[in-house]
Amino acid sequence: DRICRKLRLGPKDHLLEIGTGWGALAIHAAKVYGCRVTTTTISAQQHEGAARRIHEAGLTKRIRLLQRDYRDLEGRYDKLVSVEMIEAIGHEYFEAFFAACARLLKPDGQALLQTITIADRHYLAARDSVDFIKKYIFPGSCIPSVSALLSAATRAGDLTLSHLEDLTPHYATTLRHWRLRFLERRAEIARLGFSEKFLRMWEYYLALCEGGFESRHIGDVQMLFRKPLDRRPPLLPRLTDQA
């Protein structure tokens with residue numbers, strides 16, 4: 001919901017989502033804020049799962065689900081969102097991603113990107129090496145730094161950063177809950193056919209990520225970008241006496 005509120009979604013908006021996942025964000029945006037949503041994924045499994053959920057929610061007329069690469073999309077949209085998809089495309093395609101975002105937005109549009117990040121001082125070494133996650137979980141992935149993303153965005157088009165929020169502490173908590181829920185249902189997952197090797201690897205992966213966020217070796221941010229003709233007032237934090 002925080003994403004939808006940052007984008008100031010409303011019934012007149014047409015939202016483009018790059019990276020459908022299992023359809024949760026598209027369904028929430030359409031149901032709660034009344035906007036039209038076009039969402040795309042390249043995963044056949046996620047496309048099938050999201051299609052089922054959208055149908056069950058009764059939102060097939062409001063949500064258009066595609067199985068298409070973001071670079072092949074056409075049209076112009078009021079708002080754009082992409083949640084933790086850019087890590088999967090590889091650093092050599094960061095500029096192409098932002099160029100597509102700029103092309104697909106109307107002149108007064110906004111885009112919100114949520115992404116896992118790595119500290120700038122570790123980015124180049126991490127980019128050019130293969131760690132546990134790259135080898136076993138997400139081959140070909142690249143966790144960006146904030147500077148790498150901003151550099152790509154400014155080179156690729158006319159998007160300007162207007163707001164950035166650090167969600168890292170919340171993500172450490174999220175990973176802890178994911179790991180505990182995974183362990184609670186470990187036997188059930190094993191009965192689905194997953195091997196002991198996979199179960200141990202997945203538990204290690206979740207614990208590794210939790211530790212990474214807890215130590216701030218990796219982070220998680222939401223970055224709000226705007227096109228040149230966007231005249232909406234800026235997002236400002238509510239400061240308290242203790243801030």
# chains A, B, ... in the order shown; residues from 1 in each chain; ligands from 1
>>> residues_around(residues="Asp131 (chain A)", least_positions_apart="6", cutoff="12 Å", atoms="only C-alpha atoms", output="JSON, numbers by chain")
{"A": [125, 137, 138, 139, 140, 141, 142, 143, 205, 208]}
>>> residues_around(residues="region 83-93 of chain A", least_positions_apart="4", cutoff="10 Å", atoms="only C-alpha atoms", output="PyMOL selection string")
chain A and resi 3+17-21+25+41+97-99+112-117+127-128+138-144+148-149+152+220-222
>>> closest_residue(among="A:Gly109, A:Pro234, A:Gly23, A:Gly34", to="Leu80 (chain A)", atoms="only C-alpha atoms")
A:Gly109
>>> select_by_dssp(residues="region 34-202 of chain A", states="strand (DSSP E or B)", output="number ranges by chain")
A: 36-40, 63-66, 77-83, 105-118, 160-166
>>> select_by_dssp(residues="region 4-242 of chain A", states="alpha helix (DSSP H)", output="count of residues only")
99
>>> closest_atom_pairs(of="region 94-166 of chain A", to="region 227-231 of chain A", cutoff="9 Å", atoms="only C-alpha atoms", output="Markdown table")
| residue | atom | partner | partner_atom | distance |
| --- | --- | --- | --- | --- |
| A:Ala102 | CA | A:Lys227 | CA | 7.5 |
| A:Leu105 | CA | A:Lys227 | CA | 7.7 |
| A:Lys106 | CA | A:Lys227 | CA | 7.7 |
| A:Pro107 | CA | A:Leu229 | CA | 5.5 |
| A:Asp108 | CA | A:Asp230 | CA | 4.0 |
| A:Gly109 | CA | A:Lys227 | CA | 5.4 |
| A:Gln110 | CA | A:Lys227 | CA | 6.2 |
| A:Ala111 | CA | A:Lys227 | CA | 8.4 |
| A:Asp158 | CA | A:Lys227 | CA | 6.2 |
| A:Leu159 | CA | A:Lys227 | CA | 5.2 |
| A:Thr160 | CA | A:Lys227 | CA | 6.6 |
>>> residues_around(residues="region 187-190 of chain A", least_positions_apart="5", cutoff="12 Å", atoms="only C-alpha atoms", output="number ranges by chain")
A: 181-182, 195-200, 202
